[in-house]
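The block underneath contains the structure these notes are about, expressed in structure tokens.
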Amino acid sequence: MPYYLKLFVSALLLCIFYSFSYKNKKMTNASSGVAIYHFFHIRDTTNIGRIWEEDFQLAFNTQRSLYTSYTKQMQDSILKSKIEAAASMGSNQVNMGLLIPSTAENIFTSANEKTVYVNKIFSENNYLIKEVMEKINWKIEKETKKLLGYTCQMATGICKGRKYTAWFTTDIPVSFGPWKLQGLPGLIMEAYDDSQRIKFTCTRLTLGDLPPPNISFELPSDAIVTSHSDYNRMEKAYKESLGVGGYTGTDASIDKVTVLGDPQEKARKKFTVNYPLELTN
């Protein structure tokens, strides 16, 4: 074989090798990562101007995901820094500023086990509410659109009693999405119910092999596994014993907390939830 032909064949094989390696690397990286979603929810249809908005973080790999409040993470981090700064200055006063209401629960999903665990802290105890992963009978449509540079395809299905439109991308071959939306052949980038009172929109996406340092897909080892009915019964009994009726912290808007003894402190306000996220457990 002539020298130039050998050189050409060698170069061609090298290009094929690198192309194959790149595709494998791209696929591996696209199979894990962290997505940030902006959540929009009109909980009270009699007061549509009052909207619950919060940012959530979905960490995922091919088999597991963890969905948690990014807003809460950021607030906790800022508060921790303020407390440490006050302590270093020998002060016992902390300017907390405005507190944005956030969701305390975490949602663990396992594609292999077909299970969902909702992690809640109640009365200083760690609880895991186990659910069978809902089978959403998605209907994949032909419509497509671009989200964060990814081509996404439309699908419709019913989850927790509400009909959703979801936009997913097969460029990220995982079956997860925000909250309990899952089961499509690609990451769900956006979803909204048919009234558009509930909406999840991916605003940032980072792909990589490892989850962030503060993220673990392992279930809390000290958690007590329970059911929705048992947990709700316990929570109701606890509230009744305190005489607080139906109040829950997640259904209140904290407008302001005391800032260094500020006399303008406002009381927490209840609002009616007549458009809940879930119609079925």
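Ordering of the structure tokens sets the chain letters (A, B, ...); residue numbers start at 1 within each chain; ligands are numbered from 1 in the order shown.
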With only C-alpha atoms counted and 10 Å as the cut-off, give the residues of segment 186-225 of chain A in contact with segment 164-178 of chain A, each with its shortest interatomic distance in Å and the pair that gives it, as CSV.
```
residue,atom,partner,partner_atom,distance
A:Gly186,CA,A:Thr170,CA,4.3
A:Leu187,CA,A:Phe168,CA,5.3
A:Ile188,CA,A:Phe168,CA,4.1
A:Met189,CA,A:Phe168,CA,5.4
A:Glu190,CA,A:Trp167,CA,5.2
A:Ala191,CA,A:Ala166,CA,4.2
A:Tyr192,CA,A:Tyr164,CA,5.4
A:Asp193,CA,A:Tyr164,CA,4.2
A:Asp194,CA,A:Tyr164,CA,6.0
A:Ser195,CA,A:Tyr164,CA,9.2
A:Gln196,CA,A:Tyr164,CA,9.0
A:Ile198,CA,A:Tyr164,CA,9.1
A:Lys199,CA,A:Tyr164,CA,9.3
A:Phe200,CA,A:Pro178,CA,6.9
A:Thr201,CA,A:Pro178,CA,8.7
A:Cys202,CA,A:Pro178,CA,8.6
A:Leu207,CA,A:Ile172,CA,9.0
```
- Task: Give me the residues within 7 Å of segment 34-47 of chain A as an MDAnalysis selection string, counting only C-alpha atoms and dropping any in the same chain fewer than 6 places off.
- Result: chainID A and resid 53:60 197:207 272:276
Writing out the chosen residues with N, CA and C atoms as a compact mmCIF listing (two decimals), in the first residue's frame:
```txt
# COMPACT_ATOMS: atom_id res chain seq x y z
N GLU A 53 -44.60 31.55 43.56
CA GLU A 53 -43.48 31.34 42.64
C GLU A 53 -42.27 30.88 43.44
N GLU A 54 -41.56 29.93 42.88
CA GLU A 54 -40.42 29.34 43.58
C GLU A 54 -39.51 28.66 42.56
N ASP A 55 -38.22 28.62 42.85
CA ASP A 55 -37.27 27.91 41.99
C ASP A 55 -36.94 26.56 42.61
N PHE A 56 -36.90 25.53 41.76
CA PHE A 56 -36.59 24.18 42.20
C PHE A 56 -35.39 23.63 41.44
N GLN A 57 -34.72 22.69 42.07
CA GLN A 57 -33.54 22.05 41.48
C GLN A 57 -33.81 20.56 41.29
N LEU A 58 -33.60 20.08 40.07
CA LEU A 58 -33.70 18.65 39.78
C LEU A 58 -32.32 18.12 39.45
N ALA A 59 -31.76 17.29 40.34
CA ALA A 59 -30.50 16.60 40.05
C ALA A 59 -30.87 15.21 39.56
N PHE A 60 -30.20 14.72 38.53
CA PHE A 60 -30.60 13.45 37.94
C PHE A 60 -29.42 12.69 37.35
N ARG A 197 -52.59 27.33 35.28
CA ARG A 197 -52.44 27.86 36.65
C ARG A 197 -51.22 27.23 37.33
N ILE A 198 -50.72 26.15 36.75
CA ILE A 198 -49.52 25.48 37.24
C ILE A 198 -48.54 25.39 36.08
N LYS A 199 -47.30 25.82 36.33
CA LYS A 199 -46.32 25.80 35.24
C LYS A 199 -44.91 25.60 35.79
N PHE A 200 -44.15 24.75 35.11
CA PHE A 200 -42.74 24.50 35.42
C PHE A 200 -41.93 24.85 34.17
N THR A 201 -40.92 25.70 34.32
CA THR A 201 -40.10 26.10 33.18
C THR A 201 -38.63 25.97 33.54
N CYS A 202 -37.89 25.19 32.76
CA CYS A 202 -36.44 25.04 33.00
C CYS A 202 -35.75 26.33 32.58
N THR A 203 -35.03 26.94 33.52
CA THR A 203 -34.34 28.21 33.26
C THR A 203 -32.83 28.05 33.15
N ARG A 204 -32.32 26.92 33.66
CA ARG A 204 -30.88 26.67 33.61
C ARG A 204 -30.63 25.18 33.64
N LEU A 205 -29.65 24.74 32.87
CA LEU A 205 -29.35 23.31 32.77
C LEU A 205 -27.85 23.11 32.71
N THR A 206 -27.34 22.27 33.61
CA THR A 206 -25.92 21.93 33.63
C THR A 206 -25.79 20.43 33.53
N LEU A 207 -25.04 19.96 32.53
CA LEU A 207 -24.86 18.53 32.34
C LEU A 207 -23.47 18.12 32.81
N THR A 272 -56.53 30.74 50.95
CA THR A 272 -57.28 29.55 50.60
C THR A 272 -56.62 28.82 49.44
N VAL A 273 -56.46 27.52 49.59
CA VAL A 273 -55.93 26.70 48.50
C VAL A 273 -57.11 25.93 47.90
N ASN A 274 -57.67 26.48 46.83
CA ASN A 274 -58.77 25.78 46.17
C ASN A 274 -58.35 25.22 44.81
N TYR A 275 -57.06 25.37 44.48
CA TYR A 275 -56.52 24.77 43.26
C TYR A 275 -55.20 24.08 43.62
N PRO A 276 -55.31 22.92 44.32
CA PRO A 276 -54.10 22.25 44.80
C PRO A 276 -53.29 21.63 43.67
```
Give the strand (DSSP E or B) residues of segment 134-187 of chain A, as DSSP finds them on the backbone, and put them as a PDB file with N, CA, C and O atoms, in the first residue's frame.
```pdb
ATOM      1  N   LYS A 139     -49.250  11.024  25.486  1.00  0.00           N
ATOM      2  CA  LYS A 139     -49.485  11.012  24.042  1.00  0.00           C
ATOM      3  C   LYS A 139     -48.490  11.984  23.422  1.00  0.00           C
ATOM      4  O   LYS A 139     -48.566  13.192  23.648  1.00  0.00           O
ATOM      5  N   ILE A 140     -47.541  11.447  22.665  1.00  0.00           N
ATOM      6  CA  ILE A 140     -46.500  12.284  22.076  1.00  0.00           C
ATOM      7  C   ILE A 140     -47.008  12.889  20.771  1.00  0.00           C
ATOM      8  O   ILE A 140     -47.498  12.180  19.889  1.00  0.00           O
ATOM      9  N   GLU A 141     -46.913  14.206  20.699  1.00  0.00           N
ATOM     10  CA  GLU A 141     -47.418  14.938  19.537  1.00  0.00           C
ATOM     11  C   GLU A 141     -46.275  15.287  18.581  1.00  0.00           C
ATOM     12  O   GLU A 141     -45.101  15.053  18.876  1.00  0.00           O
ATOM     13  N   LYS A 142     -46.619  15.879  17.438  1.00  0.00           N
ATOM     14  CA  LYS A 142     -45.616  16.221  16.427  1.00  0.00           C
ATOM     15  C   LYS A 142     -44.987  17.592  16.660  1.00  0.00           C
ATOM     16  O   LYS A 142     -43.890  17.867  16.161  1.00  0.00           O
ATOM     17  N   GLU A 143     -45.673  18.459  17.410  1.00  0.00           N
ATOM     18  CA  GLU A 143     -45.182  19.825  17.599  1.00  0.00           C
ATOM     19  C   GLU A 143     -43.832  19.850  18.318  1.00  0.00           C
ATOM     20  O   GLU A 143     -43.609  19.080  19.250  1.00  0.00           O
ATOM     21  N   THR A 144     -42.972  20.753  17.890  1.00  0.00           N
ATOM     22  CA  THR A 144     -41.663  20.929  18.529  1.00  0.00           C
ATOM     23  C   THR A 144     -41.402  22.416  18.751  1.00  0.00           C
ATOM     24  O   THR A 144     -42.016  23.279  18.102  1.00  0.00           O
ATOM     25  N   LYS A 145     -40.499  22.697  19.676  1.00  0.00           N
ATOM     26  CA  LYS A 145     -40.022  24.072  19.873  1.00  0.00           C
ATOM     27  C   LYS A 145     -38.675  24.017  20.574  1.00  0.00           C
ATOM     28  O   LYS A 145     -38.284  22.975  21.125  1.00  0.00           O
ATOM     29  N   LYS A 146     -37.968  25.122  20.560  1.00  0.00           N
ATOM     30  CA  LYS A 146     -36.649  25.201  21.178  1.00  0.00           C
ATOM     31  C   LYS A 146     -36.758  25.768  22.589  1.00  0.00           C
ATOM     32  O   LYS A 146     -37.437  26.773  22.823  1.00  0.00           O
ATOM     33  N   LEU A 147     -36.080  25.109  23.527  1.00  0.00           N
ATOM     34  CA  LEU A 147     -35.981  25.589  24.903  1.00  0.00           C
ATOM     35  C   LEU A 147     -34.533  25.464  25.345  1.00  0.00           C
ATOM     36  O   LEU A 147     -33.957  24.359  25.307  1.00  0.00           O
ATOM     37  N   TYR A 150     -32.325  23.495  23.112  1.00  0.00           N
ATOM     38  CA  TYR A 150     -32.653  22.091  22.851  1.00  0.00           C
ATOM     39  C   TYR A 150     -33.975  21.995  22.089  1.00  0.00           C
ATOM     40  O   TYR A 150     -34.931  22.707  22.400  1.00  0.00           O
ATOM     41  N   THR A 151     -34.011  21.106  21.108  1.00  0.00           N
ATOM     42  CA  THR A 151     -35.257  20.838  20.406  1.00  0.00           C
ATOM     43  C   THR A 151     -36.139  19.962  21.292  1.00  0.00           C
ATOM     44  O   THR A 151     -35.733  18.868  21.693  1.00  0.00           O
ATOM     45  N   CYS A 152     -37.333  20.468  21.595  1.00  0.00           N
ATOM     46  CA  CYS A 152     -38.244  19.756  22.496  1.00  0.00           C
ATOM     47  C   CYS A 152     -39.518  19.376  21.757  1.00  0.00           C
ATOM     48  O   CYS A 152     -39.996  20.113  20.893  1.00  0.00           O
ATOM     49  N   GLN A 153     -40.046  18.227  22.117  1.00  0.00           N
ATOM     50  CA  GLN A 153     -41.265  17.715  21.501  1.00  0.00           C
ATOM     51  C   GLN A 153     -42.399  17.737  22.522  1.00  0.00           C
ATOM     52  O   GLN A 153     -42.178  17.556  23.719  1.00  0.00           O
ATOM     53  N   MET A 154     -43.612  17.961  22.031  1.00  0.00           N
ATOM     54  CA  MET A 154     -44.759  18.087  22.924  1.00  0.00           C
ATOM     55  C   MET A 154     -45.366  16.734  23.241  1.00  0.00           C
ATOM     56  O   MET A 154     -45.382  15.828  22.417  1.00  0.00           O
ATOM     57  N   ALA A 155     -45.866  16.600  24.476  1.00  0.00           N
ATOM     58  CA  ALA A 155     -46.604  15.409  24.895  1.00  0.00           C
ATOM     59  C   ALA A 155     -47.694  15.852  25.862  1.00  0.00           C
ATOM     60  O   ALA A 155     -47.549  16.858  26.557  1.00  0.00           O
ATOM     61  N   THR A 156     -48.787  15.108  25.904  1.00  0.00           N
ATOM     62  CA  THR A 156     -49.870  15.412  26.838  1.00  0.00           C
ATOM     63  C   THR A 156     -50.209  14.169  27.644  1.00  0.00           C
ATOM     64  O   THR A 156     -50.133  13.039  27.143  1.00  0.00           O
ATOM     65  N   GLY A 157     -50.567  14.372  28.907  1.00  0.00           N
ATOM     66  CA  GLY A 157     -50.908  13.247  29.777  1.00  0.00           C
ATOM     67  C   GLY A 157     -51.495  13.736  31.076  1.00  0.00           C
ATOM     68  O   GLY A 157     -51.454  14.940  31.384  1.00  0.00           O
ATOM     69  N   ILE A 158     -52.046  12.817  31.868  1.00  0.00           N
ATOM     70  CA  ILE A 158     -52.665  13.156  33.149  1.00  0.00           C
ATOM     71  C   ILE A 158     -51.773  12.688  34.298  1.00  0.00           C
ATOM     72  O   ILE A 158     -51.368  11.527  34.352  1.00  0.00           O
ATOM     73  N   CYS A 159     -51.441  13.633  35.189  1.00  0.00           N
ATOM     74  CA  CYS A 159     -50.611  13.339  36.365  1.00  0.00           C
ATOM     75  C   CYS A 159     -51.288  13.918  37.598  1.00  0.00           C
ATOM     76  O   CYS A 159     -51.640  15.108  37.625  1.00  0.00           O
ATOM     77  N   ARG A 162     -54.547  15.913  37.051  1.00  0.00           N
ATOM     78  CA  ARG A 162     -54.605  17.080  36.172  1.00  0.00           C
ATOM     79  C   ARG A 162     -53.953  16.761  34.826  1.00  0.00           C
ATOM     80  O   ARG A 162     -52.966  16.025  34.755  1.00  0.00           O
ATOM     81  N   LYS A 163     -54.508  17.344  33.764  1.00  0.00           N
ATOM     82  CA  LYS A 163     -53.952  17.146  32.431  1.00  0.00           C
ATOM     83  C   LYS A 163     -52.805  18.121  32.206  1.00  0.00           C
ATOM     84  O   LYS A 163     -52.946  19.321  32.440  1.00  0.00           O
ATOM     85  N   TYR A 164     -51.667  17.599  31.756  1.00  0.00           N
ATOM     86  CA  TYR A 164     -50.474  18.411  31.522  1.00  0.00           C
ATOM     87  C   TYR A 164     -50.024  18.342  30.074  1.00  0.00           C
ATOM     88  O   TYR A 164     -50.171  17.315  29.405  1.00  0.00           O
ATOM     89  N   THR A 165     -49.476  19.460  29.619  1.00  0.00           N
ATOM     90  CA  THR A 165     -48.713  19.504  28.384  1.00  0.00           C
ATOM     91  C   THR A 165     -47.250  19.596  28.789  1.00  0.00           C
ATOM     92  O   THR A 165     -46.889  20.455  29.601  1.00  0.00           O
ATOM     93  N   ALA A 166     -46.433  18.701  28.258  1.00  0.00           N
ATOM     94  CA  ALA A 166     -45.009  18.674  28.597  1.00  0.00           C
ATOM     95  C   ALA A 166     -44.180  18.793  27.330  1.00  0.00           C
ATOM     96  O   ALA A 166     -44.572  18.304  26.268  1.00  0.00           O
ATOM     97  N   TRP A 167     -43.043  19.456  27.461  1.00  0.00           N
ATOM     98  CA  TRP A 167     -42.086  19.568  26.358  1.00  0.00           C
ATOM     99  C   TRP A 167     -40.788  18.901  26.809  1.00  0.00           C
ATOM    100  O   TRP A 167     -40.196  19.300  27.804  1.00  0.00           O
ATOM    101  N   PHE A 168     -40.374  17.866  26.086  1.00  0.00           N
ATOM    102  CA  PHE A 168     -39.208  17.075  26.489  1.00  0.00           C
ATOM    103  C   PHE A 168     -38.188  17.015  25.353  1.00  0.00           C
ATOM    104  O   PHE A 168     -38.526  17.194  24.174  1.00  0.00           O
ATOM    105  N   THR A 169     -36.942  16.750  25.723  1.00  0.00           N
ATOM    106  CA  THR A 169     -35.884  16.637  24.727  1.00  0.00           C
ATOM    107  C   THR A 169     -35.194  15.280  24.823  1.00  0.00           C
ATOM    108  O   THR A 169     -34.732  14.888  25.907  1.00  0.00           O
ATOM    109  N   LEU A 187     -35.618  14.322  29.024  1.00  0.00           N
ATOM    110  CA  LEU A 187     -35.858  15.241  30.137  1.00  0.00           C
ATOM    111  C   LEU A 187     -36.975  16.222  29.802  1.00  0.00           C
ATOM    112  O   LEU A 187     -36.995  16.809  28.716  1.00  0.00           O
TER     113      LEU A 187
END
```
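Counting only C-alpha atoms and comparing A:Thr62, A:Thr115, A:Ser81, A:Ser227, the residue that lies closest to Met96 of chain A is A:Ser81.
When the distance limit is 10 Å and only C-alpha atoms are what count, the residues near Glu134 of chain A, minus those fewer than 6 positions from it on the same chain, are A:Lys114, A:Thr115, A:Val116, A:Ile158, A:Cys159, A:Lys160, A:Lys180, A:Leu181, A:Gln182, A:Gly183, A:Asn281.
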Proximity of segment 20-81 of chain A to segment 208-212 of chain A: per-residue shortest pair, 7 Å limit, only C-alpha atoms, as CSV:
```
residue,atom,partner,partner_atom,distance
A:Asn29,CA,A:Gly208,CA,4.7
A:Ala30,CA,A:Gly208,CA,7.0
A:Ser32,CA,A:Gly208,CA,5.7
A:Gly33,CA,A:Gly208,CA,5.1
A:Ala59,CA,A:Pro211,CA,6.5
```
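Residues in contact with segment 105-112 of chain A at 9 Å, where only C-alpha atoms are counted and same-chain residues fewer than 3 positions away are skipped, are listed as Thr62, Gln63, Arg64, Ser65, Leu66, Tyr67, Thr68, Ser69, Thr115, Val116, Tyr117, Val118, Asn119, Lys120, Ile121, Met133, Ser175, Phe176, Trp179, Lys180, Gly183, Phe217, Glu218 and Leu219 of chain A.
From atom CA of Lys236 of chain A back to atom CA of Asp76 of chain A, the distance works out to 27.3 Å.
Taking atom CA of Ala223 of chain A as the reference point, atom CA of Tyr70 of chain A is found at 21.7 Å.
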- Kindly give the distance, in Å, that separates atom CA of Ile224 of chain A and atom CA of Gln75 of chain A, rounded to a single decimal. 26.7 Å
- Task: Per DSSP on the backbone, filter segment 43-276 of chain A down to the residues in helix (DSSP H, G or I) and report them as a VMD selection string.
- Result: chain A and resid 70 to 88 228 to 242 249 to 251
